[in-house]
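*Asks:* What follows is a structure written as structure tokens; I'll ask about it next.
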Amino acid sequence: MKTITKISLFTMTALLSSVTAQAENDNTVRVGAYFVHYDAKATDLTGTGIGAVPAGVNMKVNNVDTPYFAYVRRLTSNFDLEFAFGIPPKTTMTGTGPAKLGSVPYAGQVVATSRWFSPTVLLNYNFLEESSKFRPYVGLGANFTRFTDNTATPAGQAALGGPTSASLKNSLGWAATTGISYRLQERWSVYASYSISQVKSDLIANTSGVIRTNSVDFRPSAVVLSAGYSF
């Protein structure tokens, strides 16, 4: 009886240790970098009356890099839930179209800047066994983008005819990712991924009461390189 009891206690201890070890690895934090590329498409800037602008006045959104942070929760051996975000980077927009608006240079000038906070939630599917060193994965989810510190530069204000404030509406859209992880040790891994998301917004520029607008489809894609610690 004592032998059976000892065996039972040993078995229970081993099972509890296994469950605890598994639970300890259900959470992962990742730190790395976003390398963001914009393939933005925007309608021409338009206005009416004294706010009318020549045809073809548009903008290009310049690429940007920013730190990447994520919390990942293991759901099953193949599925996990990822919450990712970056430090809001300063994004610049360069004028395209006419070389000048009136006598003021426009094309090629940095006409506006903005910062964006863009958290993303992804449900990821991991291929292969958990014991594999390399594990490819794909994910699908949603992205929310809030634009802040929207500013018309001195060059942009001069081109539009005076002091100008700018605003961009928040955006909610789909997001997708594909990547690969490599396990260095029991708790440490490195990751490389490529992500795309839907970010659309309407720009409103107010020059002393004169309103001009356009719509922007930012079409961002990002290469993400990161390291993760599981606990």
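So you can find residues: chains in the structure tokens are A, B, ... in the order shown, residues in each start at 1, and ligands are numbered from 1 in order.
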Report the residues of range 2-120 of chain A whose backbone DSSP state falls under alpha helix (DSSP H), written as a list of chain:residue names.
*Replies:*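 Alpha helix (DSSP H) assignments inside range 2-120 of chain A correspond to A:Lys2, A:Thr3, A:Ile4, A:Thr5, A:Lys6, A:Ile7, A:Ser8, A:Leu9, A:Phe10, A:Thr11, A:Met12, A:Thr13, A:Ala14, A:Leu15, A:Leu16, A:Ser17, A:Ser18, A:Val19, A:Thr20, A:Ala21, A:Gln22, A:Ala23, A:Glu24.
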*Asks:* Those same residues - N, CA and C atoms - I'd like them written as a PDB file, in the first residue's frame.
*Replies:*
```pdb
ATOM      1  N   LYS A   2       1.920   1.219   0.833  1.00  0.00           N
ATOM      2  CA  LYS A   2       2.830   2.370   0.876  1.00  0.00           C
ATOM      3  C   LYS A   2       3.495   2.581  -0.475  1.00  0.00           C
ATOM      4  N   THR A   3       3.847   1.465  -1.133  1.00  0.00           N
ATOM      5  CA  THR A   3       4.500   1.559  -2.449  1.00  0.00           C
ATOM      6  C   THR A   3       3.557   2.184  -3.467  1.00  0.00           C
ATOM      7  N   ILE A   4       2.281   1.739  -3.440  1.00  0.00           N
ATOM      8  CA  ILE A   4       1.277   2.288  -4.366  1.00  0.00           C
ATOM      9  C   ILE A   4       1.073   3.764  -4.106  1.00  0.00           C
ATOM     10  N   THR A   5       1.026   4.136  -2.818  1.00  0.00           N
ATOM     11  CA  THR A   5       0.850   5.542  -2.447  1.00  0.00           C
ATOM     12  C   THR A   5       2.007   6.384  -2.939  1.00  0.00           C
ATOM     13  N   LYS A   6       3.243   5.862  -2.780  1.00  0.00           N
ATOM     14  CA  LYS A   6       4.424   6.590  -3.238  1.00  0.00           C
ATOM     15  C   LYS A   6       4.400   6.781  -4.752  1.00  0.00           C
ATOM     16  N   ILE A   7       4.011   5.697  -5.454  1.00  0.00           N
ATOM     17  CA  ILE A   7       3.938   5.783  -6.922  1.00  0.00           C
ATOM     18  C   ILE A   7       2.894   6.809  -7.337  1.00  0.00           C
ATOM     19  N   SER A   8       1.735   6.805  -6.670  1.00  0.00           N
ATOM     20  CA  SER A   8       0.658   7.746  -6.991  1.00  0.00           C
ATOM     21  C   SER A   8       1.103   9.179  -6.753  1.00  0.00           C
ATOM     22  N   LEU A   9       1.762   9.408  -5.606  1.00  0.00           N
ATOM     23  CA  LEU A   9       2.249  10.750  -5.300  1.00  0.00           C
ATOM     24  C   LEU A   9       3.288  11.206  -6.317  1.00  0.00           C
ATOM     25  N   PHE A  10       4.159  10.265  -6.710  1.00  0.00           N
ATOM     26  CA  PHE A  10       5.187  10.593  -7.705  1.00  0.00           C
ATOM     27  C   PHE A  10       4.545  10.957  -9.038  1.00  0.00           C
ATOM     28  N   THR A  11       3.520  10.157  -9.428  1.00  0.00           N
ATOM     29  CA  THR A  11       2.832  10.407 -10.700  1.00  0.00           C
ATOM     30  C   THR A  11       2.129  11.759 -10.686  1.00  0.00           C
ATOM     31  N   MET A  12       1.440  12.067  -9.569  1.00  0.00           N
ATOM     32  CA  MET A  12       0.736  13.348  -9.450  1.00  0.00           C
ATOM     33  C   MET A  12       1.714  14.511  -9.493  1.00  0.00           C
ATOM     34  N   THR A  13       2.842  14.347  -8.803  1.00  0.00           N
ATOM     35  CA  THR A  13       3.859  15.405  -8.795  1.00  0.00           C
ATOM     36  C   THR A  13       4.408  15.644 -10.193  1.00  0.00           C
ATOM     37  N   ALA A  14       4.658  14.559 -10.914  1.00  0.00           N
ATOM     38  CA  ALA A  14       5.176  14.680 -12.275  1.00  0.00           C
ATOM     39  C   ALA A  14       4.173  15.374 -13.189  1.00  0.00           C
ATOM     40  N   LEU A  15       2.877  15.001 -13.048  1.00  0.00           N
ATOM     41  CA  LEU A  15       1.843  15.626 -13.869  1.00  0.00           C
ATOM     42  C   LEU A  15       1.699  17.103 -13.552  1.00  0.00           C
ATOM     43  N   LEU A  16       1.693  17.446 -12.266  1.00  0.00           N
ATOM     44  CA  LEU A  16       1.589  18.854 -11.872  1.00  0.00           C
ATOM     45  C   LEU A  16       2.767  19.659 -12.377  1.00  0.00           C
ATOM     46  N   SER A  17       3.952  19.060 -12.310  1.00  0.00           N
ATOM     47  CA  SER A  17       5.148  19.742 -12.809  1.00  0.00           C
ATOM     48  C   SER A  17       5.049  19.983 -14.299  1.00  0.00           C
ATOM     49  N   SER A  18       4.513  18.982 -15.018  1.00  0.00           N
ATOM     50  CA  SER A  18       4.359  19.117 -16.465  1.00  0.00           C
ATOM     51  C   SER A  18       3.363  20.206 -16.811  1.00  0.00           C
ATOM     52  N   VAL A  19       2.219  20.233 -16.099  1.00  0.00           N
ATOM     53  CA  VAL A  19       1.191  21.251 -16.347  1.00  0.00           C
ATOM     54  C   VAL A  19       1.724  22.634 -16.030  1.00  0.00           C
ATOM     55  N   THR A  20       2.444  22.745 -14.893  1.00  0.00           N
ATOM     56  CA  THR A  20       3.014  24.034 -14.497  1.00  0.00           C
ATOM     57  C   THR A  20       4.016  24.519 -15.519  1.00  0.00           C
ATOM     58  N   ALA A  21       4.871  23.599 -15.987  1.00  0.00           N
ATOM     59  CA  ALA A  21       5.879  23.969 -16.992  1.00  0.00           C
ATOM     60  C   ALA A  21       5.209  24.451 -18.257  1.00  0.00           C
ATOM     61  N   GLN A  22       4.089  23.729 -18.629  1.00  0.00           N
ATOM     62  CA  GLN A  22       3.380  24.134 -19.838  1.00  0.00           C
ATOM     63  C   GLN A  22       2.759  25.504 -19.650  1.00  0.00           C
ATOM     64  N   ALA A  23       2.137  25.727 -18.468  1.00  0.00           N
ATOM     65  CA  ALA A  23       1.480  26.999 -18.202  1.00  0.00           C
ATOM     66  C   ALA A  23       2.472  28.140 -18.167  1.00  0.00           C
ATOM     67  N   GLU A  24       3.677  27.843 -17.708  1.00  0.00           N
ATOM     68  CA  GLU A  24       4.694  28.878 -17.613  1.00  0.00           C
ATOM     69  C   GLU A  24       5.117  29.386 -18.979  1.00  0.00           C
TER      70      GLU A  24
END
```
*Asks:* Write out as number ranges by chain each polymer residue whose atoms come within 10 Å of Asn170 in chain A, counting only C-alpha atoms; drop sequence neighbours fewer than 3 positions from it.
*Replies:* A: 116-118, 144-148, 167, 199-202
*Asks:* Could you jot down the CA of Asp149 in chain A to CA of Gly161 in chain A separation for me, Å, one decimal place?
*Replies:*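 If I compute the distance from CA of Asp149 in chain A to CA of Gly161 in chain A, I get 20.7 Å.
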*Asks:* Rank A:Thr213, A:Thr91, A:Ser165, A:Ser230 by their smallest atom-to-atom distance to Trp188 in chain A, using only C-alpha atoms, and report the top residue only.
*Replies:* A:Ser230
*Asks:* Here is a test: counting only C-alpha atoms, which residue of A:Lys133, A:Pro220, A:Thr164, A:Lys41 is nearest to Arg187 in chain A?
*Replies:*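 With only C-alpha atoms as the atom set, the closest residue is A:Lys133.
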*Asks:* What are the closest atom pairs, with distances in Å to one decimal, for all residues of range 81-122 of chain A lying within 10 Å of range 44-67 of chain A? Consider only C-alpha atoms, order rows by chain and residue number, and present the result as a Markdown table.
*Replies:*
```
| residue | atom | partner | partner_atom | distance |
| --- | --- | --- | --- | --- |
| A:Phe85 | CA | A:Pro67 | CA | 8.6 |
| A:Gly86 | CA | A:Pro67 | CA | 5.4 |
| A:Ile87 | CA | A:Pro67 | CA | 5.9 |
| A:Pro88 | CA | A:Thr66 | CA | 7.4 |
| A:Pro89 | CA | A:Thr66 | CA | 5.9 |
| A:Lys90 | CA | A:Val64 | CA | 7.7 |
| A:Thr91 | CA | A:Val64 | CA | 6.5 |
| A:Thr92 | CA | A:Asn62 | CA | 5.7 |
| A:Met93 | CA | A:Val61 | CA | 4.6 |
| A:Thr94 | CA | A:Lys60 | CA | 5.1 |
| A:Gly95 | CA | A:Met59 | CA | 4.4 |
| A:Thr96 | CA | A:Asn58 | CA | 5.1 |
| A:Gly97 | CA | A:Val57 | CA | 5.0 |
| A:Pro98 | CA | A:Val57 | CA | 6.5 |
| A:Ala99 | CA | A:Val57 | CA | 9.6 |
| A:Lys100 | CA | A:Val57 | CA | 9.8 |
| A:Leu101 | CA | A:Pro54 | CA | 7.9 |
| A:Gly102 | CA | A:Pro54 | CA | 9.7 |
| A:Tyr106 | CA | A:Val57 | CA | 8.7 |
| A:Ala107 | CA | A:Met59 | CA | 8.5 |
| A:Gly108 | CA | A:Lys60 | CA | 9.2 |
| A:Gln109 | CA | A:Met59 | CA | 9.6 |
| A:Val110 | CA | A:Met59 | CA | 9.1 |
| A:Val111 | CA | A:Met59 | CA | 8.2 |
| A:Ala112 | CA | A:Met59 | CA | 9.0 |
| A:Thr113 | CA | A:Val61 | CA | 9.3 |
```
*Asks:* For Pro163 in chain A, which of A:Thr151, A:Gln198, A:Thr76, A:Asn25 is the closest residue, counting only C-alpha atoms?
*Replies:* A:Thr151
*Asks:* With distances taken over only C-alpha atoms, which of A:Ala155, A:Phe79, A:Leu160, A:Ala176 is nearest to Thr120 in chain A?
*Replies:* A:Ala176
*Asks:* Using DSSP on the backbone, list every residue of chain A that comes out as strand (DSSP E or B), and give them as a PyMOL selection string.
*Replies:* chain A and resi 27-38+41-42+46-47+58-61+64-74+79-86+90-96+100-101+104-105+110-117+120-126+134-152+164-168+171-183+188-197+200-207+210-217+220-230
*Asks:* Filtering to C-alpha atoms, could you give me those residues as a compact mmCIF listing (two decimals), in the first residue's frame?
*Replies:*
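Final file, again16.txt:
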```txt
# COMPACT_ATOMS: atom_id res chain seq x y z
CA ASN A 27 2.79 33.85 -22.36
CA THR A 28 5.38 35.51 -24.58
CA VAL A 29 6.56 39.09 -24.84
CA ARG A 30 8.33 40.23 -28.00
CA VAL A 31 10.49 43.27 -28.65
CA GLY A 32 11.89 44.30 -32.00
CA ALA A 33 11.44 46.72 -34.88
CA TYR A 34 8.83 47.57 -37.50
CA PHE A 35 10.17 48.57 -40.93
CA VAL A 36 7.08 50.15 -42.49
CA HIS A 37 6.58 50.75 -46.21
CA TYR A 38 3.64 52.79 -47.55
CA LYS A 41 -3.00 56.02 -52.87
CA ALA A 42 -4.80 59.31 -52.28
CA THR A 46 -9.88 69.45 -53.40
CA GLY A 47 -11.65 72.59 -52.23
CA ASN A 58 -1.49 65.18 -54.01
CA MET A 59 0.89 63.70 -51.42
CA LYS A 60 3.25 60.78 -50.96
CA VAL A 61 3.60 59.08 -47.56
CA VAL A 64 9.22 54.92 -41.43
CA ASP A 65 10.79 52.62 -38.79
CA THR A 66 9.60 52.23 -35.21
CA PRO A 67 10.08 49.88 -32.22
CA TYR A 68 7.76 46.85 -32.07
CA PHE A 69 6.22 45.36 -28.93
CA ALA A 70 3.85 42.41 -28.62
CA TYR A 71 2.19 40.16 -26.07
CA VAL A 72 1.33 36.68 -27.32
CA ARG A 73 -0.96 34.24 -25.51
CA ARG A 74 -0.77 30.55 -26.38
CA PHE A 79 -3.03 28.71 -32.20
CA ASP A 80 -2.01 31.86 -30.35
CA LEU A 81 -3.39 35.37 -29.94
CA GLU A 82 -1.06 38.33 -30.58
CA PHE A 83 -1.52 41.92 -29.48
CA ALA A 84 1.09 44.12 -31.21
CA PHE A 85 1.83 47.83 -31.29
CA GLY A 86 4.66 50.29 -31.93
CA LYS A 90 6.66 60.66 -36.92
CA THR A 91 5.50 60.10 -40.48
CA THR A 92 6.18 62.70 -43.16
CA MET A 93 4.18 63.45 -46.31
CA THR A 94 5.74 64.95 -49.42
CA GLY A 95 3.83 66.99 -51.99
CA THR A 96 3.35 65.53 -55.47
CA LYS A 100 4.48 75.17 -57.56
CA LEU A 101 1.15 76.39 -56.25
CA VAL A 104 5.24 78.64 -53.82
CA PRO A 105 7.21 75.36 -54.30
CA VAL A 110 7.54 67.95 -46.95
CA VAL A 111 4.08 69.44 -46.53
CA ALA A 112 2.70 67.60 -43.49
CA THR A 113 3.66 65.32 -40.59
CA SER A 114 1.65 62.99 -38.39
CA ARG A 115 2.09 60.37 -35.70
CA TRP A 116 0.01 57.20 -35.56
CA PHE A 117 -0.79 54.70 -32.83
CA THR A 120 -3.19 45.17 -34.01
CA VAL A 121 -4.80 41.94 -32.78
CA LEU A 122 -4.00 38.74 -34.68
CA LEU A 123 -5.08 35.13 -34.37
CA ASN A 124 -2.03 33.16 -35.50
CA TYR A 125 -1.78 29.55 -36.69
CA ASN A 126 1.61 27.89 -36.13
CA PHE A 134 11.58 26.42 -36.87
CA ARG A 135 7.82 27.09 -37.01
CA PRO A 136 6.19 29.02 -39.87
CA TYR A 137 2.97 30.82 -39.01
CA VAL A 138 0.17 32.87 -40.55
CA GLY A 139 -2.24 35.24 -38.86
CA LEU A 140 -5.38 37.25 -39.50
CA GLY A 141 -6.99 39.97 -37.41
CA ALA A 142 -7.86 43.64 -37.08
CA ASN A 143 -5.98 46.93 -36.93
CA PHE A 144 -7.02 50.22 -35.32
CA THR A 145 -5.13 53.39 -36.20
CA ARG A 146 -5.39 56.73 -34.40
CA PHE A 147 -3.59 59.71 -35.93
CA THR A 148 -2.18 62.40 -33.62
CA ASP A 149 0.03 65.49 -33.88
CA ASN A 150 -1.22 66.18 -37.42
CA THR A 151 0.74 69.22 -38.59
CA ALA A 152 1.07 71.22 -41.78
CA THR A 164 -3.26 75.54 -41.60
CA SER A 165 -4.49 72.89 -39.17
CA ALA A 166 -4.92 69.30 -40.28
CA SER A 167 -6.85 66.27 -39.03
CA LEU A 168 -7.04 62.62 -40.04
CA SER A 171 -9.17 53.92 -39.14
CA LEU A 172 -10.36 50.36 -38.46
CA GLY A 173 -9.51 47.58 -40.91
CA TRP A 174 -8.23 44.05 -41.40
CA ALA A 175 -4.64 42.90 -40.85
CA ALA A 176 -2.69 39.81 -41.90
CA THR A 177 0.76 38.42 -41.28
CA THR A 178 3.05 35.55 -42.25
CA GLY A 179 6.32 34.72 -40.57
CA ILE A 180 8.66 32.20 -39.01
CA SER A 181 9.96 31.64 -35.51
CA TYR A 182 13.20 30.00 -34.40
CA ARG A 183 13.56 28.69 -30.85
CA TRP A 188 13.94 32.45 -25.95
CA SER A 189 12.98 32.69 -29.63
CA VAL A 190 13.54 35.03 -32.57
CA TYR A 191 10.97 35.98 -35.20
CA ALA A 192 10.78 37.43 -38.70
CA SER A 193 7.47 38.34 -40.31
CA TYR A 194 5.81 40.33 -43.06
CA SER A 195 2.51 42.08 -42.32
CA ILE A 196 -0.06 44.07 -44.26
CA SER A 197 -3.06 46.01 -43.00
CA LYS A 200 -7.83 54.39 -44.70
CA SER A 201 -8.52 57.94 -43.58
CA ASP A 202 -9.93 61.30 -44.66
CA LEU A 203 -7.72 64.37 -44.42
CA ILE A 204 -9.23 67.77 -43.60
CA ALA A 205 -6.99 70.84 -43.96
CA ASN A 206 -8.31 74.08 -42.52
CA THR A 207 -6.55 77.26 -43.69
CA VAL A 210 -10.88 77.56 -45.99
CA ILE A 211 -11.43 73.77 -46.09
CA ARG A 212 -9.64 71.33 -48.36
CA THR A 213 -9.99 67.54 -48.22
CA ASN A 214 -8.80 64.27 -49.66
CA SER A 215 -9.02 60.55 -48.86
CA VAL A 216 -5.93 58.44 -48.23
CA ASP A 217 -5.51 54.67 -48.49
CA PRO A 220 1.07 49.90 -45.19
CA SER A 221 3.21 46.78 -45.15
CA ALA A 222 5.86 46.00 -42.55
CA VAL A 223 8.82 43.70 -42.05
CA VAL A 224 9.09 42.85 -38.35
CA LEU A 225 12.22 41.47 -36.69
CA SER A 226 11.96 40.62 -33.01
CA ALA A 227 13.07 38.47 -30.08
CA GLY A 228 10.66 36.88 -27.60
CA TYR A 229 10.74 35.53 -24.05
CA SER A 230 8.18 32.95 -22.90
```
